[in-house]
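Inspection log for the structure reproduced underneath, given as C-alpha cells.
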Protein chains: 2
Amino acid sequence: MRRVTVYDTTLRDGAQTEGISYSVNDKILIARKLDELGMDFIEGGWPGSNPKDMEFFQAISKERLKKAKIAAFGSTRRKDKTASKDANIKALVDCGVKFVTIFGKAWDLHVKDVLKVSLDENLKMIADTVSYLVSKKISVFFDAEHFFDGYRSNPDYALKALLSAQGAGAAGVVLCDTNGGTLTSELTRIISEIRPHIKGELGIHVHNDNAMAVANSVAAVQAGCTQVQGTINGYGERCGNADLCAIIACLRLKLEIDCLGKDNLKELTEVSLYVSEISNMKQQDNQPFVGSSAFAHKAGVHINAMLKNPMSYEHVRPEAVGNKRRFLTSELAGKTSILFKAKQLSYDLQKNDKNTKRLHKLIQKMEYEGYQFEAAEASFELLIRKTLEKYEKFFELEGFRVIVEKRRDNTLISEATVKINVHGARKHTASEGDGPVNALDAALRKALRDFYPELTRMHLSDFKVRVLDSKAGTAAKVRVFIESQDEKSSWWTVGVSENIIEASWQALVDSIEYKLLKERTIKKQAL
Amino acid sequence: MRRVTVYDTTLRDGAQTEGISYSVNDKILIARKLDELGMDFIEGGWPGSNPKDMEFFQAISKERLKKAKIAAFGSTRRKDKTASKDANIKALVDCGVKFVTIFGKAWDLHVKDVLKVSLDENLKMIADTVSYLVSKKISVFFDAEHFFDGYRSNPDYALKALLSAQGAGAAGVVLCDTNGGTLTSELTRIISEIRPHIKGELGIHVHNDNAMAVANSVAAVQAGCTQVQGTINGYGERCGNADLCAIIACLRLKLEIDCLGKDNLKELTEVSLYVSEISNMKQQDNQPFVGSSAFAHKAGVHINAMLKNPMSYEHVRPEAVGNKRRFLTSELAGKTSILFKAKQLSYDLQKNDKNTKRLHKLIQKMEYEGYQFEAAEASFELLIRKTLEKYEKFFELEGFRVIVEKRRDNTLISEATVKINVHGARKHTASEGDGPVNALDAALRKALRDFYPELTRMHLSDFKVRVLDSKAGTAAKVRVFIESQDEKSSWWTVGVSENIIEASWQALVDSIEYKLLKERTIKKQAL
C-alpha cells in the first residue's frame, strides 16, 4: 500500500485566516488533537516572526506526543546576513525542534520585485539556509513559494530553486501554489515534468483561490507527490489552504493510500468540530465529509432511494469519517454515542431499551434546538443521569433578574439577584459583577454556599459563545459553553437560548450540578 | 474564442440546500438577476413535483428577460405510464417553457434497485420521454444521473443511456456526478472516452462531496464539455453543487473561454451577495473570487510584497470579478494598512504625519485592549474618520438600561430602555426583545428612526461573540462583532468590554454611525 505523509499547518498558515487568533493554549490543545488523529507533522508557527510562537515551541516540547513531529517555519536568510547571524534563523535553531520548513522564492518575479536580489543570490540564500540548519542536525523541508507561477514564468529557474535546496541537504522539497490560481491540469503536467529530478520527499502545498485546493492536492499525489500539506477545515489566508479533512478522506477512501493511522479516519468529523470550536469559527454545514449537511438528504426522491440502497446518493459511508446520515424530513440519528457514554457511566443500557429510546428522542430534540454535546460532555452526562436515575434536585430556581445600566457619565453597572429554594430553605441574594453573567454567577454562588461548601473549591475557567443561525442578527439563538474546574479536573457544560443570559444560566447551573453530583459519587465510593 | 453555455440550477438544485426555502417571489428576483448577469439557461423548478414551481413558470413567462432561457426539470416517464399520460410530463408541457431538462438513470444499480425495471425498459423510458417532448416542440437536455458511477459500473450501459436520449432527439446530454464522489482524473478520462459519441451539446453537472466540484467542472470543459451546470455560491443538497461563480471566473480568466456576456464578470461579486441575501444564507467570507476575504491579506510579508507588486499574492485582479483588495489590520501590519485604508477613503496621509502616528498609537492601544479591526473594517474606517475629520456626532447617549428577568413559571423577559439626545431633542424609548441585545437594538432604532429614516433600510445580519482571555471565566473580556447590511452592501463593526451588553452596544452604535456616514457621503457626491 502506498504511503503519503500528512503535514498540518493549521497553527501557522491556518492562523492567517481572517478572524482567527490563537492563544498559546489554543495551539497546544489543537496540537494534542492532531497528534491523536495520527498527523505526521504539525507546523507550530514562525518563531522568528512572533514571540507567541516561541512560547508555543517551549510549551509543546514538554508534551508527550504519540507520533506527530513538530516543525517550525521560517524564511531563507536575509540577503545581507549569513545564515548563522540571521535572527530569524537563529530563532529556528533556538526553538529546539528537529524539523524546520524553510520557504524561499521560486518565482523570478518575486526574486526581482520583492526580494530585489539577483537570481543567483536567491539560490545561494536557499542553499546557505538549508545547509546551515542541516549542520545543526535539523531536518529541513524546502517550501518553494509560488512554485507553479514560477515554473510558468521560468521553468529552469523554478527547478533550480528546488535543486539548490536538495543539493544543500533538504529532506524534501514542497511545491507551493501560494496564490492558489493553478488549474488542476497544469499542476499535474508541471509535477510530472519535475518529478524525475527530485530524490527525497516531494510535497504539495496549495491554496484554494480557484476552489480547487482539494482536487489539486489529490491530483498532485496521483502525479507522484509523497507529502501533502494543508489545514484542518481549510483555514488560511484569503480563500484558505487545502482542507486536510477532505484530502485525507479522498486519499484513504478513493485511492486507498495509507495516511494517518489505521482506523483514525473515524475521528475526522470530531477533529474538524474541535478545531472549529477552538478557532471560534462555525464549521461549514456543507463542508465535504465532515459537515453536518454532508450526508443530509432533503429531496424526496433521494430519501426514497436511500431507503432502498444507501449507496444510491452517498459517495462514501458517513461512518467511515465519523459523520452521520441525516434525513432532513424525518431525523434518524445514532444511538451509539448514548450507549457508549452510558457504559462509561456504568449503566447497563441496551439498544432497544425504553430508556435508550427516551434518551435518544430527548437528545435529538435538544440537538435540533441547537445544543451540542460533543464539546459539553458534563451536560451530556448530567442528561443521562437525570434520565436514568431518580434525580433529586440540589435546588429550585424561583427567579433571577439581571440589570445592566449605563449612565450619562459612562458608569456601567451589572447587578443580579437570585431567588432559590434548597429543600425548603429560601435564599434571596444579590451581587454585582464585571458583566451580567459574572454578576449572575456570583449571586448564585452566594445563595448556594451555605448549603454546598464544596462549591468554593470550583471556579469557572473558560467561557465561549457561539451564535447559531446568525442570519437572524441579534435575535439569533446563542449557544454558551462554560468550562469549570476544581483541583482535580475540568468539565464543559452547555446552554442554548435566544437570550444569552438564559443560555449562560443553563450552562452555569449544569456546571454546578455536575460538581455536586461528582462529589456525591466520590463520597459514596468512599463509604 | 471557444464558447461554453452556462446553465444555472440555483432555483431547482440549489433549493435543496439545508436551510433554503424560496418563495415564488424570491425565485423571480433571482431569475432577473441571473438574466442581467448574462446566464444562458435558468432552471426554474420541477413543475410536476411542486405546485409552487408551476406558479413560478406562470409568473416568469410574463417577465421580459434579456437573454436567459427558462428551463423546467422533470424525470423520465414512470415505468407503468406512457409519456403522454404521465402527470409529471404533462406538467412539463403545461408549464409553457421551450426548454426542458429530463433526468434519467445511467447507473445500472439505480435501474435495478431504485426504479426496479429492466435495463432495456429504462432505455425505453428515456427515449419515449425525450421524443414525446420533442414532438411538442420542446428542446430537451438529458441529465444522465449518476453518469460517472454508472460508467464505472457498466460503461456500455451508461453510454447507451446517453445514446437513447440523443437518438430520440435530445438537444444535448449532460453528464451528472450526482453523488459528487468522482476524482478529477477519472472524470477527465471518462469524458474523453465518451466525447466522440456525442453530437449535440455535452453538459457537465457535478456535486461537491469530494470538494472537487469546481475543479471537475473546469476539467470537464477542458475535456470537451460545451455546457456547464451549477448554482450560484454552490448551493445544493449535502455539500452543494458546483459553484458557478468560481467556474465562470476560471473559464473566463484562466482559459479565456467566452461565457456570459462581455464585461459581465465584474458583476459576479454583487450577484453572489444578492443571491445569498435572498437565500438568507451568509456569504462565505473565504468563497473563492467573490468572498469578502478572497483578496484580503493578513500576513505582514504578504502585505509588504503586495505593495511592491500586486501580482505577488493575487492570482487574478479583484476588480475583474467586482471584488476588492483588503489589507487586514493586525498587529503585524502596522502603519502600512492605515495608510492604505486612508488612501481608499481619500485622505492624503503620509507615513510620518502626526495624524498617522496618533492613529497608529490609538489602534495599538485598542488592539491591546482586545479590539480587532481586521474583521471590522467599518469600525476601523469610522476610527480614521473620527480622528482625521471634525466629526459631528449623530446622537449622544444619556443612558440605557437592560433588564433580563426569569420568573418561577419560567417566563423570561428582556427589556431595554434608551435615552438619547439628537442635537438637542431628547428621546426616551423602551422595547422588549428576544434577548438583551435584541431589545437594546430595538429600543435604539425606535429612538433614532424619526431623525434618521434611512436606518429602516438596514438590518443586522450576523453577530459573533468571542471571549478573550477566557481563563477569567465569566469575568473575561468579550469581543462582539456585528454585521449589518442594507440593499447595497454589508459591513462589520466591533465592540469590546468585560460586559457583553456594553460590547454589543459599541458595535451597534458603530454600525449605525457607519450607515449614516455612508448615506451622507453618497448625498454629498450626488450634489
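Following the order of the C-alpha cells, chains are lettered A, B, ..., residues in each are numbered from 1, and ligands are numbered from 1.
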
request  = Extract, using only C-alpha atoms, all DNA, RNA and protein residues at most 12 Å from Asn154 of chain A, discarding same-chain residues fewer than 5 positions from it, and format them as a list in words.
outcome  = Ala106, Trp107, Asp108, Leu109, His110, Val111, Leu119, His146, Phe147, Phe148, Asp149, Leu159, Lys160 and Ala161 of chain A

query = Once chain B is best-fit onto chain A by all Cα atoms in order, what RMSD in Å is left?
reply = 6.1 Å

request  = Might you pull out every residue within 12 Å of Arg64 of chain A, with only C-alpha atoms counted and same-chain residues fewer than 5 positions away left off, and present them as a list of chain:residue names?
outcome  =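 Non-adjacent residues within range: A:Ile28, A:Ala31, A:Arg32, A:Asp35, A:Glu36, A:Ala59, A:Lys69, A:Ile70.
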
How close does chain B get to chain A? List, as a Markdown table, each residue of chain B within 6 Å, its nearest atom pair and the distance in Å to one decimal, counting only C-alpha atoms.
| residue | atom | partner | partner_atom | distance |
| --- | --- | --- | --- | --- |
| B:Val114 | CA | A:Ala305 | CA | 5.7 |
| B:Asn179 | CA | A:His315 | CA | 5.4 |
| B:Gly181 | CA | A:His315 | CA | 5.1 |
| B:Asp209 | CA | A:Pro288 | CA | 5.1 |
| B:Ala211 | CA | A:Pro288 | CA | 5.8 |
| B:Met212 | CA | A:Ala215 | CA | 5.2 |
| B:Ala215 | CA | A:Met212 | CA | 5.2 |
| B:Arg238 | CA | A:Ala294 | CA | 4.4 |
| B:Cys239 | CA | A:Asn286 | CA | 4.2 |
| B:Asn286 | CA | A:Cys239 | CA | 4.2 |
| B:Gln287 | CA | A:Cys239 | CA | 5.9 |
| B:Pro288 | CA | A:Asp209 | CA | 5.1 |
| B:Ser293 | CA | A:Arg238 | CA | 4.9 |
| B:Ala294 | CA | A:Arg238 | CA | 4.4 |
| B:Phe295 | CA | A:Arg238 | CA | 5.6 |
| B:Ala296 | CA | A:Arg238 | CA | 5.4 |
| B:Ala305 | CA | A:Val114 | CA | 5.6 |
| B:Tyr313 | CA | A:Asn179 | CA | 5.5 |
| B:Glu314 | CA | A:Asn179 | CA | 5.6 |
| B:His315 | CA | A:Gly181 | CA | 5.1 |
| B:Ala375 | CA | A:Gly19 | CA | 5.9 |
| B:Glu398 | CA | A:Arg408 | CA | 4.4 |
| B:Gly399 | CA | A:Arg407 | CA | 4.4 |
| B:Phe400 | CA | A:Lys406 | CA | 5.2 |
| B:Arg401 | CA | A:Glu405 | CA | 4.2 |
| B:Val402 | CA | A:Val404 | CA | 5.1 |
| B:Ile403 | CA | A:Ile403 | CA | 4.5 |
| B:Val404 | CA | A:Val402 | CA | 5.1 |
| B:Glu405 | CA | A:Arg401 | CA | 4.2 |
| B:Lys406 | CA | A:Phe400 | CA | 5.2 |
| B:Arg407 | CA | A:Gly399 | CA | 4.4 |
| B:Arg408 | CA | A:Glu398 | CA | 4.4 |
| B:Asp434 | CA | A:Ala475 | CA | 5.6 |
| B:Gly435 | CA | A:Asn499 | CA | 4.0 |
| B:Asn438 | CA | A:Thr474 | CA | 4.9 |
| B:Leu460 | CA | A:Gly473 | CA | 4.9 |
| B:Ser461 | CA | A:Gly473 | CA | 4.6 |
| B:Asp462 | CA | A:Gly473 | CA | 4.6 |
| B:Phe463 | CA | A:Gly473 | CA | 5.5 |
| B:Lys464 | CA | A:Val467 | CA | 6.0 |
| B:Val465 | CA | A:Val465 | CA | 5.7 |
| B:Val467 | CA | A:Lys464 | CA | 5.9 |
| B:Ser470 | CA | A:Asp462 | CA | 4.8 |
| B:Lys471 | CA | A:Ser461 | CA | 4.9 |
| B:Gly473 | CA | A:Asp462 | CA | 4.6 |
| B:Thr474 | CA | A:Asn438 | CA | 4.8 |
| B:Ala475 | CA | A:Asn438 | CA | 5.3 |
| B:Glu498 | CA | A:Gly435 | CA | 5.9 |
| B:Asn499 | CA | A:Gly435 | CA | 4.0 |

key: segment 174-405 of chain A: residues DSSP assigns to alpha helix (DSSP H), reported as number ranges by chain   = A: 184-194, 213-222, 244-253, 268-278, 300-308, 336-344, 354-369, 377-388

ask   = How far is it from atom CA of Thr10 of chain B to atom CA of Val228 of chain B, in Å with one decimal?
value =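 Between atom CA of Thr10 of chain B and atom CA of Val228 of chain B the gap is 13.1 Å.
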
key: Filtered DSSP result for segment 141-327 of chain A, state strand (DSSP E), as number ranges by chain   = A: 141-145, 172-177, 201-206, 227-230, 296-297, 326-327

For the residues in the current selection, export N, CA, C and O atoms as a compact mmCIF listing (two decimals), in the first residue's frame.
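Result saved to selection.txt:
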# COMPACT_ATOMS: atom_id res chain seq x y z
N PHE A 141 12.62 20.83 5.33
CA PHE A 141 11.79 20.80 4.12
C PHE A 141 11.88 22.18 3.48
O PHE A 141 11.87 23.19 4.18
N PHE A 142 11.96 22.21 2.17
CA PHE A 142 12.02 23.50 1.49
C PHE A 142 10.68 23.78 0.80
O PHE A 142 10.29 23.07 -0.13
N ASP A 143 9.97 24.79 1.29
CA ASP A 143 8.72 25.24 0.67
C ASP A 143 9.06 26.17 -0.49
O ASP A 143 9.48 27.31 -0.27
N ALA A 144 8.87 25.69 -1.71
CA ALA A 144 9.17 26.54 -2.88
C ALA A 144 7.94 27.39 -3.15
O ALA A 144 6.99 26.98 -3.81
N GLU A 145 7.98 28.60 -2.59
CA GLU A 145 6.84 29.51 -2.67
C GLU A 145 6.54 29.84 -4.13
O GLU A 145 7.48 30.06 -4.92
N GLY A 172 13.39 17.19 1.91
CA GLY A 172 12.32 17.18 0.92
C GLY A 172 12.06 18.57 0.38
O GLY A 172 12.49 19.56 0.98
N VAL A 173 11.40 18.64 -0.77
CA VAL A 173 11.01 19.94 -1.30
C VAL A 173 9.49 19.92 -1.47
O VAL A 173 8.90 18.88 -1.74
N VAL A 174 8.90 21.10 -1.29
CA VAL A 174 7.44 21.21 -1.29
C VAL A 174 7.03 22.21 -2.37
O VAL A 174 7.52 23.34 -2.38
N LEU A 175 6.15 21.77 -3.27
CA LEU A 175 5.70 22.63 -4.36
C LEU A 175 4.50 23.43 -3.86
O LEU A 175 3.46 22.86 -3.53
N CYS A 176 4.64 24.76 -3.80
CA CYS A 176 3.57 25.58 -3.26
C CYS A 176 2.82 26.30 -4.38
O CYS A 176 3.44 26.93 -5.23
N ASP A 177 1.49 26.19 -4.37
CA ASP A 177 0.69 27.08 -5.21
C ASP A 177 0.18 28.17 -4.28
O ASP A 177 -0.97 28.17 -3.84
N GLU A 201 11.62 13.50 -0.24
CA GLU A 201 10.17 13.72 -0.13
C GLU A 201 9.77 14.84 -1.11
O GLU A 201 10.45 15.86 -1.21
N LEU A 202 8.63 14.64 -1.81
CA LEU A 202 8.10 15.70 -2.67
C LEU A 202 6.72 16.10 -2.13
O LEU A 202 5.79 15.30 -2.14
N GLY A 203 6.62 17.32 -1.64
CA GLY A 203 5.39 17.76 -1.00
C GLY A 203 4.55 18.66 -1.90
O GLY A 203 5.06 19.23 -2.87
N ILE A 204 3.27 18.78 -1.53
CA ILE A 204 2.38 19.70 -2.24
C ILE A 204 1.68 20.58 -1.21
O ILE A 204 1.26 20.10 -0.16
N HIS A 205 1.61 21.87 -1.49
CA HIS A 205 1.02 22.84 -0.55
C HIS A 205 0.25 23.84 -1.40
O HIS A 205 0.85 24.66 -2.08
N VAL A 206 -1.07 23.73 -1.41
CA VAL A 206 -1.83 24.61 -2.31
C VAL A 206 -2.89 25.42 -1.56
O VAL A 206 -3.35 25.05 -0.49
N GLN A 227 4.12 13.87 0.07
CA GLN A 227 3.71 14.57 1.29
C GLN A 227 2.65 15.59 0.91
O GLN A 227 2.79 16.28 -0.09
N VAL A 228 1.59 15.67 1.72
CA VAL A 228 0.56 16.64 1.42
C VAL A 228 0.40 17.58 2.60
O VAL A 228 0.35 17.16 3.75
N GLN A 229 0.41 18.88 2.31
CA GLN A 229 0.28 19.89 3.36
C GLN A 229 -1.08 20.56 3.27
O GLN A 229 -1.63 20.73 2.18
N GLY A 230 -1.62 20.94 4.41
CA GLY A 230 -2.90 21.63 4.40
C GLY A 230 -3.30 21.98 5.82
O GLY A 230 -2.48 21.88 6.74
N ALA A 296 -26.70 14.73 4.59
CA ALA A 296 -28.09 15.07 4.90
C ALA A 296 -28.90 15.07 3.62
O ALA A 296 -28.53 15.73 2.65
N HIS A 297 -29.98 14.32 3.60
CA HIS A 297 -30.77 14.17 2.39
C HIS A 297 -32.09 14.90 2.54
O HIS A 297 -32.79 14.73 3.52
N ARG A 326 -28.28 11.89 7.77
CA ARG A 326 -29.49 12.54 8.29
C ARG A 326 -30.52 12.62 7.19
O ARG A 326 -30.19 12.91 6.04
N PHE A 327 -31.76 12.36 7.54
CA PHE A 327 -32.87 12.61 6.61
C PHE A 327 -33.57 13.84 7.12
O PHE A 327 -34.10 13.86 8.22

Computed interatomic separation between atom CA of Lys112 of chain B and atom CA of Ser153 of chain B (Å) =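 Calculated distance between atom CA of Lys112 of chain B and atom CA of Ser153 of chain B is 12.7 Å.
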
query = With distances taken over only C-alpha atoms, which of A:Asp26, A:Glu513, A:Glu43, A:Glu377 is nearest to Phe99 of chain A?
reply =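 So, comparing all the options, the nearest one is A:Glu43.
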
task = Would you please work out which residue, of B:Val130, B:Leu37, B:Ala165, B:Cys225, is nearest to Lys266 of chain B when using only C-alpha atoms?
result = B:Leu37

If we count only C-alpha atoms and set the cut-off at 9 Å, which residues sit around Ile384 of chain B, ignoring sequence neighbours fewer than 5 positions away in its own chain? Please answer as a PDB file with all heavy atoms, in the first residue's frame.
ATOM      1  N   ILE B 338      -2.882  51.313   7.684  1.00  0.00           N
ATOM      2  CA  ILE B 338      -3.541  52.589   7.986  1.00  0.00           C
ATOM      3  C   ILE B 338      -3.447  53.505   6.770  1.00  0.00           C
ATOM      4  O   ILE B 338      -4.443  54.092   6.336  1.00  0.00           O
ATOM      5  CB  ILE B 338      -2.880  53.276   9.203  1.00  0.00           C
ATOM      6  CG1 ILE B 338      -3.091  52.414  10.456  1.00  0.00           C
ATOM      7  CG2 ILE B 338      -3.424  54.682   9.417  1.00  0.00           C
ATOM      8  CD1 ILE B 338      -2.383  52.943  11.686  1.00  0.00           C
ATOM      9  N   LYS B 341      -5.719  52.239   3.932  1.00  0.00           N
ATOM     10  CA  LYS B 341      -7.142  52.487   4.172  1.00  0.00           C
ATOM     11  C   LYS B 341      -7.444  53.983   4.034  1.00  0.00           C
ATOM     12  O   LYS B 341      -8.459  54.367   3.445  1.00  0.00           O
ATOM     13  CB  LYS B 341      -7.508  52.000   5.580  1.00  0.00           C
ATOM     14  CG  LYS B 341      -8.995  51.984   5.866  1.00  0.00           C
ATOM     15  CD  LYS B 341      -9.631  50.814   5.190  1.00  0.00           C
ATOM     16  CE  LYS B 341     -11.095  51.083   4.896  1.00  0.00           C
ATOM     17  NZ  LYS B 341     -11.683  50.073   4.031  1.00  0.00           N
ATOM     18  N   ALA B 342      -6.556  54.795   4.573  1.00  0.00           N
ATOM     19  CA  ALA B 342      -6.767  56.240   4.498  1.00  0.00           C
ATOM     20  C   ALA B 342      -6.844  56.685   3.035  1.00  0.00           C
ATOM     21  O   ALA B 342      -7.676  57.504   2.658  1.00  0.00           O
ATOM     22  CB  ALA B 342      -5.648  56.973   5.228  1.00  0.00           C
ATOM     23  N   LEU B 345     -10.063  56.012   1.521  1.00  0.00           N
ATOM     24  CA  LEU B 345     -11.063  56.974   1.983  1.00  0.00           C
ATOM     25  C   LEU B 345     -10.739  58.399   1.514  1.00  0.00           C
ATOM     26  O   LEU B 345     -11.337  59.357   1.981  1.00  0.00           O
ATOM     27  CB  LEU B 345     -11.147  56.945   3.506  1.00  0.00           C
ATOM     28  CG  LEU B 345     -11.561  55.621   4.159  1.00  0.00           C
ATOM     29  CD1 LEU B 345     -11.482  55.733   5.674  1.00  0.00           C
ATOM     30  CD2 LEU B 345     -12.957  55.234   3.730  1.00  0.00           C
ATOM     31  N   LEU B 359      -2.992  57.945  15.034  1.00  0.00           N
ATOM     32  CA  LEU B 359      -3.878  56.831  14.700  1.00  0.00           C
ATOM     33  C   LEU B 359      -3.236  55.485  15.053  1.00  0.00           C
ATOM     34  O   LEU B 359      -3.868  54.603  15.617  1.00  0.00           O
ATOM     35  CB  LEU B 359      -4.159  56.835  13.194  1.00  0.00           C
ATOM     36  CG  LEU B 359      -5.522  57.307  12.759  1.00  0.00           C
ATOM     37  CD1 LEU B 359      -5.557  57.437  11.245  1.00  0.00           C
ATOM     38  CD2 LEU B 359      -6.627  56.371  13.238  1.00  0.00           C
ATOM     39  N   SER B 379     -15.713  49.711  11.632  1.00  0.00           N
ATOM     40  CA  SER B 379     -15.238  50.379  12.850  1.00  0.00           C
ATOM     41  C   SER B 379     -13.887  51.045  12.603  1.00  0.00           C
ATOM     42  O   SER B 379     -13.608  52.132  13.109  1.00  0.00           O
ATOM     43  CB  SER B 379     -15.123  49.374  14.002  1.00  0.00           C
ATOM     44  OG  SER B 379     -16.396  49.023  14.473  1.00  0.00           O
ATOM     45  N   GLU B 389     -11.176  63.878  10.838  1.00  0.00           N
ATOM     46  CA  GLU B 389     -12.148  64.911  10.474  1.00  0.00           C
ATOM     47  C   GLU B 389     -12.735  65.549  11.722  1.00  0.00           C
ATOM     48  O   GLU B 389     -12.733  64.956  12.785  1.00  0.00           O
ATOM     49  CB  GLU B 389     -13.322  64.264   9.729  1.00  0.00           C
ATOM     50  CG  GLU B 389     -13.140  64.195   8.251  1.00  0.00           C
ATOM     51  CD  GLU B 389     -14.336  63.513   7.611  1.00  0.00           C
ATOM     52  OE1 GLU B 389     -15.481  63.880   7.947  1.00  0.00           O
ATOM     53  OE2 GLU B 389     -14.121  62.612   6.796  1.00  0.00           O
TER      54      GLU B 389
END

query = So, counting only C-alpha atoms, which residue among B:Ile232, B:Ser131, B:Ser139, B:Arg189 is closest to Ile278 of chain B?
reply =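 Under the stated criterion, the closest residue is B:Ile232.
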
request  = Find the distance between atom CA of Arg3 of chain B and atom CA of Glu256 of chain B and write it in Å to one decimal.
outcome  =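 Taking atom CA of Arg3 of chain B and atom CA of Glu256 of chain B, their separation equals 9.3 Å.
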
ask   = Can you tell me, as a list of chain:residue names, what residues are no more than 7 Å from Glu267 of chain A when counting only C-alpha atoms, ignoring any on the same chain fewer than 2 positions away?
value =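 Contacts, with the query itself left out: A:Leu37, A:Asn264, A:Leu265, A:Thr269, A:Glu270, A:Val271, A:Val321, A:Gly322.
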
Residue subset to file, keeping N, CA and C atoms, as a tab-separated table (two decimals), in the first residue's frame:
chain	number	residue	atom	x	y	z
A	37	LEU	N	-5.02	12.24	16.20
A	37	LEU	CA	-5.53	11.85	14.88
A	37	LEU	C	-4.49	11.08	14.08
A	264	ASN	N	-8.07	5.75	12.13
A	264	ASN	CA	-8.19	7.12	12.62
A	264	ASN	C	-9.15	7.96	11.80
A	265	LEU	N	-9.46	7.48	10.61
A	265	LEU	CA	-10.35	8.24	9.74
A	265	LEU	C	-11.68	8.54	10.44
A	269	THR	N	-14.45	13.80	11.68
A	269	THR	CA	-15.53	14.75	11.93
A	269	THR	C	-15.34	15.42	13.28
A	270	GLU	N	-14.97	14.62	14.27
A	270	GLU	CA	-14.78	15.19	15.60
A	270	GLU	C	-13.62	16.19	15.61
A	271	VAL	N	-12.54	15.85	14.93
A	271	VAL	CA	-11.39	16.76	14.90
A	271	VAL	C	-11.77	18.07	14.21
A	321	VAL	N	-15.99	8.35	8.11
A	321	VAL	CA	-15.31	9.57	8.53
A	321	VAL	C	-15.90	10.11	9.84
A	322	GLY	N	-16.64	9.24	10.55
A	322	GLY	CA	-17.22	9.64	11.84
A	322	GLY	C	-18.38	10.59	11.73
